[in-house]
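Peer 1: Quick one: structure below, then a few questions.
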Amino acid sequence: MFSLASAWGGEEDEESAGGGGRPYHFGEESFRHWTRTRRGRFSVLERFSDEMIEGAVGDYRVAVLEAAPRAFLQPSHYDADEIFYVKEGEGVLVVLRKGKRESFCVREGDAMVIPAGAIVYSANTHSSKWFRVVMLVNPVSTPGRFEEYFPVGGERPESFFSVFSDDVLQAAFNTRREEWEKVFQGQREGDITTVSEEKIRELSRSCSRGSGSGSEWEIKPQSLTGKRPSYSNNHGKLFEIDGDDCPLLRKLDMRVGLANITSGSMMAPSYSTRSTKVAIVLQGRGYFEMACPHFSGGGLSEHRESEREDGRRREVRGREEEHGGGRKARSYKQVRAQIREGSVIVIPAGHPTTLVAGDNENLAILCFGVGANHDEMMFLVGKNSVLKQLDEPAKELVFGAPARDVDRVLGAQPEEVFLRGPHSRGGVSDM
C-alpha cells in the first residue's frame, strides 16, 4: 500500500538514510507535507537543485495526493501542468476549462494530464479504499515553484478573492460584500472534507471515461496498465503512454511508463537518448545502479571505491606512458542506492542504468520521461542489445577479440529488457 504514513513516515533502509545515490536518489526525508489531516494528505518533494540534474528536470516537482474514503477536494488551480498516475483506488475528477465542465471517472492504473490554470475538484468515490495519486508537476510561472489557488474558502484554505478591495468585489459580483462573504467564505472545514455517499453519487452521475478522439479538450484518462505492454516476459512488463496516446503529453514533451519487475529479476542495463526520467517506486524493494561520468555515488564502500580509483590511476598512467601524452582517460563512477516504496530516482539522458528487484516481491516503478518526443531506449545487454549491431570487423577492432568470441558473449543472454537478476536462483545459462 502506497502511503505517506508508511512509505515516508517510517524508517529508511540504512543505505538510503545515509544519502546513498545522492543527488539522484531521494527518500522520505526529502518530502514536505503541504496538507496533512485525517481526511487526506498532500506532500511535495524538494526541488531537484543539484547542478548535475537541474538543467533537465530542475523545474519539475514530484507530489503525492492521498484522499480518505468519501473525501472531497475543494476546487483549486495550480500555476503548473499536472501529469498524474492513479496508484490506488477510484475517484471522480471534474475539470473547468475553456468555458466548459467535464467530469471523468478515474481508477487505479490511469494516467492523465491537467493543463495549468484549469480549476479542478475531485472526490474519492470508494466507501472504504483510499484514493492515492502520484504526480509530476511542471510549474509555468516560477521555475521550480508552484502554488495552489482556491476561489472559495475561509481561513484554511483562504479564498484568493478575500484580498480584493470591497469596491472591486462589489463591482465585479454586482452584490454587497456581506452577501459575497456568505457564499465565498462559508467553507470552514479545510481543503479536504468528507461528504455523504449521496453527494458522491451525485458528483459521479455525469462522469465518463473521457471525450472521443479529436476532442478540443484533448483531456481524458488513459489506462496505462490496460494497454498491451511494450515489453513482457517472465521477468517483467513495461507499459507506456506517449504523445500518440495523449496529445497533451506531446505538447509537454513527456512520456509516462510503468515497469513491473518480477521479484528476483532486473531491467537490462540501458539508457535513454534524450529523455531524463523521474522515477517513483510504487511497490517493492530493490536497488538501482547507474554509470555516471561526473559524480561519485554514495552506494560504494570507501574501501571498494579506493581500490577502483587506484586501478584507474594506474590505467591512466599506463596509457599516458604508452601514448606519450597527458590525455585524460574517461572514467565512470557507480551511483547506487537501495530503493523502496516511496523512493524517487532521477536518471539523466545517456546514463546507463539498471533496476534490480528484491527476492521477496515485485518492484513497480513509475517513470515520467521529460524530453521524450524524440527519445529512444538503447538496451546494452540482451537479445536486443545495440552492441550486437556492430559489424564483424568493428567487433574485432573494438573488443580486441575474434568476432565469434564476441558474438558468444553478446548472444549468451536470450532474454530482452527484463532479465534474471543477479541473486535469483539458477546460474549462467549453458550456451
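By convention here, the chains of the C-alpha cells are called A, B, ... in the order presented, each chain's residues are numbered starting at 1, and ligands are numbered starting at 1 in the order presented.
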Residues within 10 Å of segment 92-102 of chain A, please, as a count of residues only. Count only C-alpha atoms; anything in the same chain fewer than 3 positions from it doesn't count.
Peer 2: 36
Peer 1: So which residues touch segment 34-49 of chain A within 9 Å, counting only C-alpha atoms, skipping near sequence neighbours fewer than 2 positions away, as a count of residues only?
Peer 2: 38
Peer 1: With only C-alpha atoms as the basis for distance, which of A:Gly264, A:Gly91, A:Gly411, A:Gly243 is at the shortest distance from Asp375 of chain A?
Peer 2: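 Of A:Gly264, A:Gly91, A:Gly411, A:Gly243, the one nearest Asp375 of chain A, counting only C-alpha atoms, is A:Gly243.
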Peer 1: Which residue, A:Arg177, A:Arg250, A:His374, A:Lys227, has the smallest gap to Thr273 of chain A when you use only C-alpha atoms?
Peer 2: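 With only C-alpha atoms as the atom set, the closest residue is A:His374.
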Peer 1: Please, what distance in Å, to one decimal, runs between atom CA of Ala394 of chain A and atom CA of Ser275 of chain A?
Peer 2: 28.3 Å
Peer 1: Could you pull out the strand (DSSP E) residues of segment 33-226 of chain A from DSSP and send them as a PyMOL selection string?
Peer 2: chain A and resi 33-36+40-45+61-67+71-78+80-88+90-97+100-107+110-114+119-124+131-139+148-149+192-194+222-223
Peer 1: Could you tell me how far atom CA of Phe368 of chain A sits from atom CA of Val381 of chain A, in Å to one decimal place?
Peer 2: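 That distance, rounded to one decimal, is 23.1 Å.
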Peer 1: Grab the atom CA of Leu390 of chain A to atom CA of Arg404 of chain A distance for me, in Å with one decimal place.
Peer 2: 12.5 Å
Peer 1: Using DSSP on the backbone coordinates, identify all residues within segment 107-280 of chain A classified as helix (DSSP H, G or I); present the result as a PyMOL selection string.
Peer 2: chain A and resi 160-163+166-173+177-184+197-204+247-252
